[in-house]
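Structure below is entry22.txt: compact mmCIF, C-alpha atoms.
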```txt
# COMPACT_ATOMS: atom_id res chain seq x y z
CA MET K 1 118.44 104.05 -46.41
CA ASP K 2 121.38 106.36 -46.28
CA ARG K 3 123.26 108.93 -48.35
CA LEU K 4 120.41 111.34 -47.87
CA GLU K 5 122.52 114.35 -48.87
CA ASP K 6 123.44 112.69 -52.14
CA ARG K 7 119.80 111.82 -52.77
CA ALA K 8 118.73 115.39 -52.15
CA ALA K 9 121.44 116.71 -54.44
CA ILE K 10 120.42 114.40 -57.30
CA THR K 11 116.77 115.29 -56.76
CA ASP K 12 117.63 118.97 -56.92
CA GLN K 13 119.40 118.43 -60.21
CA MET K 14 116.35 116.63 -61.60
CA PHE K 15 114.27 119.70 -60.86
CA ARG K 16 116.93 121.98 -62.31
CA TYR K 17 116.57 119.97 -65.54
CA ALA K 18 112.81 120.59 -65.50
CA ARG K 19 113.17 124.33 -64.96
CA ALA K 20 115.92 124.63 -67.56
CA THR K 21 113.44 123.06 -69.97
CA ASP K 22 110.25 124.81 -68.88
CA TRP K 23 111.78 128.26 -68.45
CA LEU K 24 113.82 128.08 -71.64
CA GLU K 25 117.00 128.48 -69.60
CA ILE K 26 118.40 125.86 -71.86
CA ASP K 27 122.06 126.55 -71.17
CA ASN K 28 121.41 125.47 -67.60
CA HIS K 29 121.35 121.92 -68.89
CA ARG K 30 125.12 122.30 -68.92
CA LEU K 31 124.91 122.34 -65.11
CA VAL K 32 122.93 119.09 -65.08
CA PHE K 33 124.63 116.86 -67.65
CA VAL K 34 128.28 115.91 -67.95
CA ASP K 35 129.94 117.10 -71.12
CA ASP K 36 129.87 113.71 -72.81
CA ALA K 37 126.39 112.74 -71.65
CA VAL K 38 124.01 110.60 -73.66
CA PHE K 39 120.42 111.81 -73.89
CA ALA K 40 117.91 109.63 -75.67
CA THR K 41 114.21 110.04 -76.36
CA PRO K 42 111.97 108.13 -78.73
CA HIS K 43 111.88 111.28 -80.87
CA SER K 44 115.47 112.49 -80.72
CA GLY K 45 117.29 109.22 -80.96
CA ASP K 46 120.55 109.04 -79.02
CA LEU K 47 122.16 112.43 -78.64
CA HIS K 48 125.83 112.43 -77.71
CA GLY K 49 127.33 115.30 -75.75
CA ILE K 50 125.91 118.31 -74.00
CA ASP K 51 126.24 120.50 -77.09
CA ALA K 52 123.92 118.17 -78.99
CA VAL K 53 121.48 118.18 -76.07
CA VAL K 54 121.39 121.98 -75.91
CA GLU K 55 121.06 122.23 -79.69
CA TYR K 56 118.15 119.80 -79.62
CA MET K 57 116.38 121.62 -76.78
CA ASN K 58 116.89 124.98 -78.50
CA ARG K 59 115.39 123.58 -81.68
CA VAL K 60 112.41 121.78 -80.19
CA LEU K 61 111.26 123.74 -77.16
CA PRO K 62 110.55 127.19 -78.61
CA GLN K 63 107.76 125.76 -80.75
CA PHE K 64 105.67 125.50 -77.57
CA GLU K 65 103.94 128.33 -75.83
CA ALA K 66 104.55 126.61 -72.49
CA THR K 67 105.72 123.30 -71.08
CA GLN K 68 105.75 121.84 -67.60
CA HIS K 69 107.67 118.77 -66.52
CA HIS K 70 106.31 117.31 -63.30
CA ILE K 71 108.81 114.86 -61.83
CA SER K 72 107.72 112.26 -59.30
CA ASN K 73 108.49 108.77 -58.01
CA ILE K 74 112.21 109.46 -57.82
CA TRP K 75 114.12 106.25 -57.17
CA ILE K 76 117.88 106.32 -56.67
CA GLU K 77 120.26 103.42 -56.28
CA PHE K 78 123.94 104.01 -55.61
CA ASP K 79 126.41 101.63 -57.14
CA GLY K 80 129.50 103.42 -55.91
CA ALA K 81 130.66 106.44 -53.97
CA GLU K 82 130.35 108.61 -57.07
CA SER K 83 127.87 106.70 -59.20
CA ALA K 84 124.12 106.12 -59.12
CA LYS K 85 121.23 104.86 -61.18
CA ALA K 86 117.86 106.56 -61.02
CA VAL K 87 114.35 106.07 -62.32
CA SER K 88 111.74 108.79 -62.13
CA TYR K 89 108.33 109.46 -63.61
CA VAL K 90 107.51 112.53 -65.60
CA ARG K 91 104.29 114.05 -66.82
CA ALA K 92 105.38 116.49 -69.47
CA TRP K 93 102.76 118.96 -70.62
CA HIS K 94 103.26 120.88 -73.86
CA ARG K 95 101.03 123.70 -75.09
CA TYR K 96 101.19 125.01 -78.64
CA PRO K 97 100.69 128.65 -79.52
CA ASP K 98 97.86 127.63 -81.85
CA PRO K 99 94.83 127.39 -79.56
CA LYS K 100 93.23 124.87 -81.88
CA LYS K 101 96.06 122.38 -81.36
CA PRO K 102 95.39 120.26 -78.29
CA ASP K 103 97.98 120.17 -75.54
CA MET K 104 100.40 117.28 -75.92
CA ILE K 105 101.20 115.30 -72.79
CA LEU K 106 103.88 112.70 -72.37
CA TRP K 107 103.55 110.16 -69.60
CA GLY K 108 107.10 108.97 -69.34
CA GLU K 109 109.97 107.66 -67.31
CA TYR K 110 113.53 108.84 -67.01
CA HIS K 111 116.07 106.07 -66.70
CA ASP K 112 119.32 107.74 -65.71
CA ARG K 113 122.89 107.20 -64.80
CA TRP K 114 124.45 109.81 -62.54
CA ALA K 115 128.05 110.59 -61.58
CA LEU K 116 129.56 112.82 -58.92
CA VAL K 117 131.95 115.12 -60.79
CA ASP K 118 133.93 117.79 -58.95
CA GLY K 119 131.41 117.74 -56.14
CA THR K 120 128.28 117.96 -58.31
CA TRP K 121 125.98 115.12 -59.30
CA ARG K 122 125.41 115.10 -63.04
CA ILE K 123 123.60 112.96 -65.58
CA THR K 124 125.86 110.79 -67.68
CA GLU K 125 122.96 109.06 -69.43
CA ARG K 126 119.24 109.79 -69.56
CA ARG K 127 116.83 107.58 -71.49
CA VAL K 128 113.24 108.75 -71.77
CA LEU K 129 110.68 105.96 -71.99
CA GLU K 130 107.15 106.65 -73.10
CA ALA K 131 104.28 105.08 -71.25
CA GLY K 132 101.91 106.98 -73.49
CA ILE K 133 101.11 110.26 -75.15
CA GLU K 134 97.94 112.34 -75.21
CA PRO K 135 96.21 112.92 -77.50
CA ARG K 136 96.58 109.30 -78.41
CA ARG K 137 98.18 108.75 -81.76
CA GLU K 138 98.93 105.92 -84.08
CA GLY K 139 102.22 104.16 -84.06
CA GLY K 140 104.10 102.01 -81.66
CA VAL K 141 105.91 103.24 -78.64
CA PRO K 142 107.64 100.72 -76.45
CA ASN K 143 105.68 100.19 -73.28
CA PRO K 144 108.08 100.80 -70.41
CA ARG K 145 106.65 97.79 -68.68
CA ARG K 146 108.39 95.76 -71.31
CA ALA K 147 111.37 98.08 -71.60
CA ARG K 148 112.61 97.94 -68.06
CA ALA K 149 115.93 99.48 -67.29
CA MET F 150 123.26 119.77 -49.89
CA ASP F 151 122.48 120.21 -46.25
CA ARG F 152 119.76 121.37 -43.88
CA LEU F 153 117.78 118.28 -44.72
CA GLU F 154 115.57 118.63 -41.64
CA ASP F 155 114.61 122.15 -42.65
CA ARG F 156 113.90 121.00 -46.19
CA ALA F 157 111.66 118.22 -44.94
CA ALA F 158 109.83 120.59 -42.63
CA ILE F 159 109.14 123.07 -45.44
CA THR F 160 108.04 120.26 -47.73
CA ASP F 161 105.65 119.02 -45.08
CA GLN F 162 104.14 122.48 -44.80
CA MET F 163 103.68 122.61 -48.58
CA PHE F 164 101.61 119.45 -48.37
CA ARG F 165 99.68 120.76 -45.39
CA TYR F 166 98.70 123.69 -47.60
CA ALA F 167 97.41 121.28 -50.24
CA ARG F 168 95.38 119.27 -47.78
CA ALA F 169 93.99 122.37 -46.08
CA THR F 170 92.78 123.38 -49.51
CA ASP F 171 91.58 120.03 -50.84
CA TRP F 172 89.94 118.88 -47.61
CA LEU F 173 88.33 122.23 -46.92
CA GLU F 174 90.23 122.45 -43.65
CA ILE F 175 90.75 126.02 -44.54
CA ASP F 176 91.64 127.25 -41.08
CA ASN F 177 94.72 125.04 -41.26
CA HIS F 178 96.19 127.62 -43.57
CA ARG F 179 96.81 129.54 -40.38
CA LEU F 180 99.40 126.86 -39.54
CA VAL F 181 101.14 127.35 -42.88
CA PHE F 182 101.25 131.12 -43.40
CA VAL F 183 102.57 133.82 -41.09
CA ASP F 184 99.94 136.27 -39.93
CA ASP F 185 101.03 139.03 -42.28
CA ALA F 186 101.67 136.80 -45.29
CA VAL F 187 101.14 137.89 -48.86
CA PHE F 188 99.30 135.45 -51.12
CA ALA F 189 98.94 136.33 -54.78
CA THR F 190 97.30 134.54 -57.68
CA PRO F 191 96.40 135.82 -61.13
CA HIS F 192 92.76 135.64 -60.02
CA SER F 193 92.90 136.92 -56.46
CA GLY F 194 95.37 139.71 -56.85
CA ASP F 195 97.62 140.31 -53.87
CA LEU F 196 95.99 139.28 -50.62
CA HIS F 197 97.52 140.71 -47.45
CA GLY F 198 97.30 138.81 -44.19
CA ILE F 199 96.15 135.35 -43.23
CA ASP F 200 92.59 136.52 -42.56
CA ALA F 201 92.29 137.65 -46.17
CA VAL F 202 93.72 134.34 -47.36
CA VAL F 203 91.27 132.31 -45.32
CA GLU F 204 88.39 134.53 -46.41
CA TYR F 205 89.38 134.07 -50.05
CA MET F 206 89.70 130.29 -49.72
CA ASN F 207 86.37 130.06 -47.93
CA ARG F 208 84.75 132.03 -50.71
CA VAL F 209 86.28 130.28 -53.69
CA LEU F 210 86.80 126.64 -52.76
CA PRO F 211 83.29 125.52 -51.79
CA GLN F 212 82.10 126.12 -55.36
CA PHE F 213 83.99 122.96 -56.35
CA GLU F 214 82.88 119.42 -55.73
CA ALA F 215 86.51 118.40 -55.33
CA THR F 216 90.01 119.73 -55.84
CA GLN F 217 93.41 118.15 -55.72
CA HIS F 218 96.71 120.01 -55.59
CA HIS F 219 99.62 117.83 -56.64
CA ILE F 220 102.89 119.45 -55.62
CA SER F 221 106.15 118.43 -57.26
CA ASN F 222 109.60 119.72 -58.21
CA ILE F 223 110.15 121.32 -54.82
CA TRP F 224 113.23 123.51 -54.91
CA ILE F 225 114.42 125.24 -51.73
CA GLU F 226 117.24 127.72 -51.31
CA PHE F 227 118.18 129.05 -47.89
CA ASP F 228 119.29 132.61 -47.62
CA GLY F 229 119.68 132.62 -43.87
CA ALA F 230 119.28 130.48 -40.78
CA GLU F 231 115.59 131.30 -40.64
CA SER F 232 114.79 132.30 -44.21
CA ALA F 233 114.34 130.45 -47.48
CA LYS F 234 113.08 130.83 -51.01
CA ALA F 235 111.23 128.02 -52.71
CA VAL F 236 109.81 127.19 -56.11
CA SER F 237 107.47 124.27 -56.68
CA TYR F 238 105.21 123.04 -59.42
CA VAL F 239 101.52 122.39 -58.89
CA ARG F 240 98.90 120.66 -60.94
CA ALA F 241 95.65 121.83 -59.41
CA TRP F 242 92.58 119.93 -60.47
CA HIS F 243 89.13 121.42 -59.85
CA ARG F 244 85.83 119.60 -60.40
CA TYR F 245 82.50 121.43 -60.47
CA PRO F 246 79.31 119.92 -59.10
CA ASP F 247 77.68 120.44 -62.51
CA PRO F 248 78.71 117.34 -64.48
CA LYS F 249 78.42 119.25 -67.73
CA LYS F 250 81.16 121.69 -66.69
CA PRO F 251 84.56 120.32 -67.60
CA ASP F 252 87.17 119.98 -64.89
CA MET F 253 89.43 122.99 -64.63
CA ILE F 254 93.13 122.34 -64.27
CA LEU F 255 95.82 124.83 -63.44
CA TRP F 256 99.40 124.04 -64.35
CA GLY F 257 101.22 126.42 -62.12
CA GLU F 258 104.20 127.31 -60.03
CA TYR F 259 104.46 128.49 -56.46
CA HIS F 260 107.17 131.07 -55.88
CA ASP F 261 107.51 131.39 -52.13
CA ARG F 262 109.37 133.02 -49.36
CA TRP F 263 109.55 131.09 -46.09
CA ALA F 264 110.55 132.06 -42.55
CA LEU F 265 111.26 130.02 -39.44
CA VAL F 266 108.98 131.44 -36.77
CA ASP F 267 108.91 129.99 -33.26
CA GLY F 268 110.30 126.74 -34.57
CA THR F 269 107.91 126.35 -37.49
CA TRP F 270 108.58 127.14 -41.13
CA ARG F 271 105.84 129.33 -42.56
CA ILE F 272 105.10 131.09 -45.83
CA THR F 273 105.64 134.83 -45.75
CA GLU F 274 104.90 135.24 -49.45
CA ARG F 275 103.42 132.91 -52.05
CA ARG F 276 102.99 133.95 -55.68
CA VAL F 277 101.13 131.57 -57.98
CA LEU F 278 102.27 131.68 -61.59
CA GLU F 279 100.19 130.12 -64.32
CA ALA F 280 101.86 128.08 -67.00
CA GLY F 281 98.44 127.31 -68.41
CA ILE F 282 94.87 126.36 -67.69
CA GLU F 283 92.67 123.61 -69.12
CA PRO F 284 90.27 123.90 -70.77
CA ARG F 285 92.16 126.50 -72.69
CA ARG F 286 90.60 129.91 -72.55
CA GLU F 287 91.06 133.29 -74.09
CA GLY F 288 93.04 135.98 -72.45
CA GLY F 289 96.58 136.46 -71.48
CA VAL F 290 98.31 134.84 -68.58
CA PRO F 291 101.95 135.57 -68.02
CA ASN F 292 104.03 132.60 -69.06
CA PRO F 293 106.20 131.73 -66.06
CA ARG F 294 109.08 131.27 -68.43
CA ARG F 295 109.01 134.99 -68.84
CA ALA F 296 107.93 135.71 -65.26
CA ARG F 297 110.81 134.14 -63.43
CA ALA F 298 111.11 134.77 -59.75
CA MET I 299 111.31 117.00 -38.30
CA ASP I 300 113.41 113.95 -37.79
CA ARG I 301 113.64 110.29 -38.72
CA LEU I 302 114.67 111.28 -42.22
CA GLU I 303 116.04 107.83 -42.99
CA ASP I 304 112.73 106.22 -42.09
CA ARG I 305 110.88 108.76 -44.19
CA ALA I 306 113.10 108.07 -47.18
CA ALA I 307 112.64 104.33 -46.75
CA ILE I 308 108.85 104.60 -46.66
CA THR I 309 108.90 106.93 -49.66
CA ASP I 310 111.02 104.43 -51.57
CA GLN I 311 108.51 101.72 -50.82
CA MET I 312 105.68 103.91 -52.08
CA PHE I 313 107.47 104.19 -55.40
CA ARG I 314 108.20 100.47 -55.45
CA TYR I 315 104.45 99.95 -55.20
CA ALA I 316 103.93 102.19 -58.22
CA ARG I 317 106.51 100.41 -60.32
CA ALA I 318 105.27 96.98 -59.28
CA THR I 319 101.89 98.11 -60.59
CA ASP I 320 102.95 99.99 -63.70
CA TRP I 321 105.59 97.50 -64.84
CA LEU I 322 103.43 94.46 -64.11
CA GLU I 323 106.04 93.23 -61.63
CA ILE I 324 103.12 92.34 -59.48
CA ASP I 325 104.92 89.92 -57.20
CA ASN I 326 107.03 92.84 -56.01
CA HIS I 327 104.01 93.92 -54.02
CA ARG I 328 105.10 91.17 -51.65
CA LEU I 329 108.10 93.39 -50.85
CA VAL I 330 105.85 96.33 -50.04
CA PHE I 331 102.96 94.89 -48.03
CA VAL I 332 103.07 92.74 -44.91
CA ASP I 333 101.59 89.28 -45.37
CA ASP I 334 98.35 90.10 -43.60
CA ALA I 335 97.91 93.55 -45.07
CA VAL I 336 94.55 95.11 -45.82
CA PHE I 337 94.18 96.81 -49.20
CA ALA I 338 90.95 98.62 -49.95
CA THR I 339 89.75 100.52 -52.97
CA PRO I 340 86.28 101.69 -53.88
CA HIS I 341 86.30 99.02 -56.59
CA SER I 342 87.94 96.07 -54.85
CA GLY I 343 86.36 96.35 -51.47
CA ASP I 344 88.59 95.31 -48.58
CA LEU I 345 91.16 92.75 -49.62
CA HIS I 346 92.77 90.78 -46.81
CA GLY I 347 96.28 89.42 -47.17
CA ILE I 348 99.00 89.85 -49.75
CA ASP I 349 97.83 86.85 -51.76
CA ALA I 350 94.49 88.53 -52.31
CA VAL I 351 96.23 91.76 -53.27
CA VAL I 352 98.45 90.04 -55.82
CA GLU I 353 95.51 88.08 -57.21
CA TYR I 354 93.51 91.28 -57.60
CA MET I 355 96.36 93.11 -59.31
CA ASN I 356 96.97 90.19 -61.63
CA ARG I 357 93.32 90.16 -62.57
CA VAL I 358 92.78 93.86 -63.06
CA LEU I 359 96.02 95.32 -64.40
CA PRO I 360 96.61 93.29 -67.57
CA GLN I 361 93.45 94.71 -69.11
CA PHE I 362 95.32 97.99 -69.58
CA GLU I 363 97.88 98.72 -72.23
CA ALA I 364 99.71 100.97 -69.79
CA THR I 365 99.28 102.59 -66.41
CA GLN I 366 101.26 105.19 -64.52
CA HIS I 367 100.88 106.02 -60.83
CA HIS I 368 102.31 109.41 -60.00
CA ILE I 369 102.71 109.75 -56.24
CA SER I 370 103.03 113.14 -54.61
CA ASN I 371 102.32 115.06 -51.41
CA ILE I 372 103.74 112.29 -49.22
CA TRP I 373 102.92 112.97 -45.59
CA ILE I 374 104.26 110.66 -42.87
CA GLU I 375 103.55 110.72 -39.15
CA PHE I 376 105.28 108.30 -36.82
CA ASP I 377 103.32 106.98 -33.91
CA GLY I 378 106.03 104.68 -32.62
CA ALA I 379 109.53 103.43 -33.35
CA GLU I 380 108.17 100.89 -35.80
CA SER I 381 104.84 102.35 -36.81
CA ALA I 382 103.69 105.21 -39.01
CA LYS I 383 100.66 106.67 -40.71
CA ALA I 384 100.93 108.18 -44.16
CA VAL I 385 98.78 110.08 -46.61
CA SER I 386 99.81 110.60 -50.20
CA TYR I 387 98.19 111.77 -53.40
CA VAL I 388 98.11 109.71 -56.55
CA ARG I 389 97.23 110.48 -60.11
CA ALA I 390 96.72 107.08 -61.67
CA TRP I 391 96.54 107.01 -65.45
CA HIS I 392 95.15 103.95 -67.21
CA ARG I 393 95.22 103.40 -70.97
CA TYR I 394 93.14 100.70 -72.65
CA PRO I 395 94.34 98.76 -75.67
CA ASP I 396 91.23 99.88 -77.55
CA PRO I 397 92.21 103.30 -78.92
CA LYS I 398 88.58 104.37 -78.97
CA LYS I 399 88.31 103.97 -75.19
CA PRO I 400 89.40 107.15 -73.45
CA ASP I 401 92.16 106.96 -70.87
CA MET I 402 90.83 106.54 -67.34
CA ILE I 403 92.40 108.69 -64.65
CA LEU I 404 91.94 108.39 -60.92
CA TRP I 405 92.66 111.39 -58.75
CA GLY I 406 93.06 109.70 -55.41
CA GLU I 407 94.63 109.53 -52.01
CA TYR I 408 96.38 106.70 -50.24
CA HIS I 409 95.69 106.52 -46.54
CA ASP I 410 98.17 104.07 -45.13
CA ARG I 411 99.47 102.42 -42.05
CA TRP I 412 103.09 101.30 -42.12
CA ALA I 413 105.14 99.01 -39.88
CA LEU I 414 108.85 98.33 -39.64
CA VAL I 415 109.21 94.57 -39.98
CA ASP I 416 112.62 92.91 -39.94
CA GLY I 417 114.24 96.16 -40.92
CA THR I 418 111.89 96.99 -43.80
CA TRP I 419 108.98 99.41 -43.78
CA ARG I 420 105.85 97.76 -45.13
CA ILE I 421 102.21 98.66 -45.60
CA THR I 422 99.87 97.05 -43.12
CA GLU I 423 96.83 98.90 -44.42
CA ARG I 424 96.23 100.98 -47.54
CA ARG I 425 92.91 102.66 -48.25
CA VAL I 426 92.45 104.34 -51.61
CA LEU I 427 90.14 107.33 -51.58
CA GLU I 428 88.78 108.77 -54.79
CA ALA I 429 88.70 112.50 -55.27
CA GLY I 430 87.42 111.93 -58.78
CA ILE I 431 87.71 109.93 -61.96
CA GLU I 432 88.05 111.03 -65.58
CA PRO I 433 86.14 110.66 -67.76
CA ARG I 434 83.50 111.70 -65.32
CA ARG I 435 80.92 109.03 -64.67
CA GLU I 436 77.68 108.63 -62.86
CA GLY I 437 77.47 107.29 -59.37
CA GLY I 438 78.64 108.41 -56.03
CA VAL I 439 82.16 108.25 -54.81
CA PRO I 440 82.94 109.51 -51.36
CA ASN I 441 84.69 112.84 -51.60
CA PRO I 442 87.92 112.52 -49.62
CA ARG I 443 87.28 115.91 -48.15
CA ARG I 444 84.52 114.29 -46.20
CA ALA I 445 86.28 110.96 -45.76
CA ARG I 446 89.34 112.09 -43.87
CA ALA I 447 91.62 109.53 -42.35
```

Full structure transcribed into structure tokens:
Amino acid sequence: MDRLEDRAAITDQMFRYARATDWLEIDNHRLVFVDDAVFATPHSGDLHGIDAVVEYMNRVLPQFEATQHHISNIWIEFDGAESAKAVSYVRAWHRYPDPKKPDMILWGEYHDRWALVDGTWRITERRVLEAGIEPRREGGVPNPRRARA
Amino acid sequence: MDRLEDRAAITDQMFRYARATDWLEIDNHRLVFVDDAVFATPHSGDLHGIDAVVEYMNRVLPQFEATQHHISNIWIEFDGAESAKAVSYVRAWHRYPDPKKPDMILWGEYHDRWALVDGTWRITERRVLEAGIEPRREGGVPNPRRARA
Amino acid sequence: MDRLEDRAAITDQMFRYARATDWLEIDNHRLVFVDDAVFATPHSGDLHGIDAVVEYMNRVLPQFEATQHHISNIWIEFDGAESAKAVSYVRAWHRYPDPKKPDMILWGEYHDRWALVDGTWRITERRVLEAGIEPRREGGVPNPRRARA
């Protein structure tokens, strides 16, 4: 186990992503992703480029009264001096302004590719896998067990 | 990214706080806070001094059958050799002895100031922000998005 | 605070355990436990040896459509060059294929012993303590507050 500084830097960026999302500091995603990043969720499809990511976040997030993205189980594998893969777990809580709408919770995984660019680790690709959503709803979501990175 | 030992030491103290709370080892909070610490929650108001913190914990926590404070997204910024700011997320689960009372869950954030005192990192100020509480209840809680540190 | 590389290696193994469980890569538990490990949960009783652990996992886990084990609050104490104790928190989410069955969630703690064997940190003993289960059910479970390691 080595490259502890790189691991800490990537971990920090993962949390910056969460705060940029939860605090509606959406432009801060520009500090986390590379310009030509790919961001893919089961709901967004594949988004190409940081402008598309920021546009998507600006469109989707303000509908919630609050969100909180708890990141855990961070696993990083380096495949070069400036390149890494990572898997992490997320429990993403979403509260609607309408008190009659139940909170929506995503149990998911982030499957990422990271690159060291000008001294900063950034996401080049993030794929969000759903393990499940609460409240439970109809319709198929790939089980990450069968959608391994 | 440096000062990894200091980061690990602060992280350890954050978890000591959780265990002191969840295991009712409330006096262990004296190992986590400085004597003249400020501890503030939306429910407690600002508490001044470790004695007030311990008194508050001893008063509030035994009403629960169990609690669990899951800490994640730990973000630390040093602003001196012996001084740091930190933000972390917490999902605090509280179970009442009465099985008809639903579990209470706080989705929150800790906004801290830390100091290195006699070789040990300790909290000088901890402010708990609420992103939301389950079950949902009436009344306003500042959304941390709008209550940034 | 030192031995950061050892801490990171143990942490990595904790997450490998979670993925081996959640992704049904159950044989990967052989990379996490020593051959003669003890694994104990309130439901399994004490299991002796990795074969028993793998058999138990293979029997129990496929009944769920999905699981996710979020590990947090990882606390490691070394009591030798090749030996450590660890406590961590887990929120283990289990979804049944039957959509009418509510998700089952364990709020628990792992109380572990770890050993460095041939250059790899492995679990020699893992005891799972329950802080609580959702949905709440009858019957006594030792409260980890009173079942400290």

Quiz item: Residues around (106.9, 104.8, -53.2), cut-off 10 Å, counting all atoms listed in the file - what are they as number ranges by chain?
Solution: K: 72-75; I: 306-317, 330, 367-370, 372, 386

Self-check item: Neighbour list for segment 416-426 of chain I as a ChimeraX atom specification, cut-off 8 Å, all atoms listed in the file, skip fewer than 3 positions in-chain
Solution: /I:304,307-308,311,329-332,334-340,406-413

Exercise. Return as number ranges by chain the residues belonging to chain I that are within 10 Å of chain F, counting only C-alpha atoms.
Key: I: 299-302, 305, 368-374, 385-389, 405-407, 428-436, 441-446

Which protein, DNA or RNA residues are at most 8 Å from (94.3, 135.1, -49.7) in the file's coordinates when you count all atoms listed in the file, listed as a CSV table (one decimal) with C-alpha atoms, keeping the file's coordinate frame?
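After the write, selection.csv holds the following:
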```
chain,number,residue,atom,x,y,z
F,187,VAL,CA,101.1,137.9,-48.9
F,188,PHE,CA,99.3,135.4,-51.1
F,189,ALA,CA,98.9,136.3,-54.8
F,193,SER,CA,92.9,136.9,-56.5
F,195,ASP,CA,97.6,140.3,-53.9
F,196,LEU,CA,96.0,139.3,-50.6
F,197,HIS,CA,97.5,140.7,-47.4
F,198,GLY,CA,97.3,138.8,-44.2
F,199,ILE,CA,96.2,135.4,-43.2
F,200,ASP,CA,92.6,136.5,-42.6
F,201,ALA,CA,92.3,137.6,-46.2
F,202,VAL,CA,93.7,134.3,-47.4
F,203,VAL,CA,91.3,132.3,-45.3
F,204,GLU,CA,88.4,134.5,-46.4
F,205,TYR,CA,89.4,134.1,-50.0
F,206,MET,CA,89.7,130.3,-49.7
```

Self-check item: Separation of atom CA of Val60 of chain K from atom CA of Ile105 of chain K, in Å and rounded to one decimal
Solution: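 These two atoms are separated by 14.9 Å.
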
Self-check item: Interatomic distance, atom CA of Phe78 of chain K to atom CA of Asn326 of chain I (Å, one decimal)
Solution: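 That distance, rounded to one decimal, is 20.3 Å.
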
Exercise. Mind giving me the straight-line distance from atom CA of His192 of chain F to atom CA of Pro211 of chain F in Å, one decimal?
Key: 16.1 Å

Quiz item: I:Asp333, I:Glu375, I:Glu380, I:Asp396: which is nearest Phe362 of chain I, counting all atoms listed in the file?
Solution: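 When distances to Phe362 of chain I are compared using all atoms listed in the file, the smallest one comes from I:Asp396.
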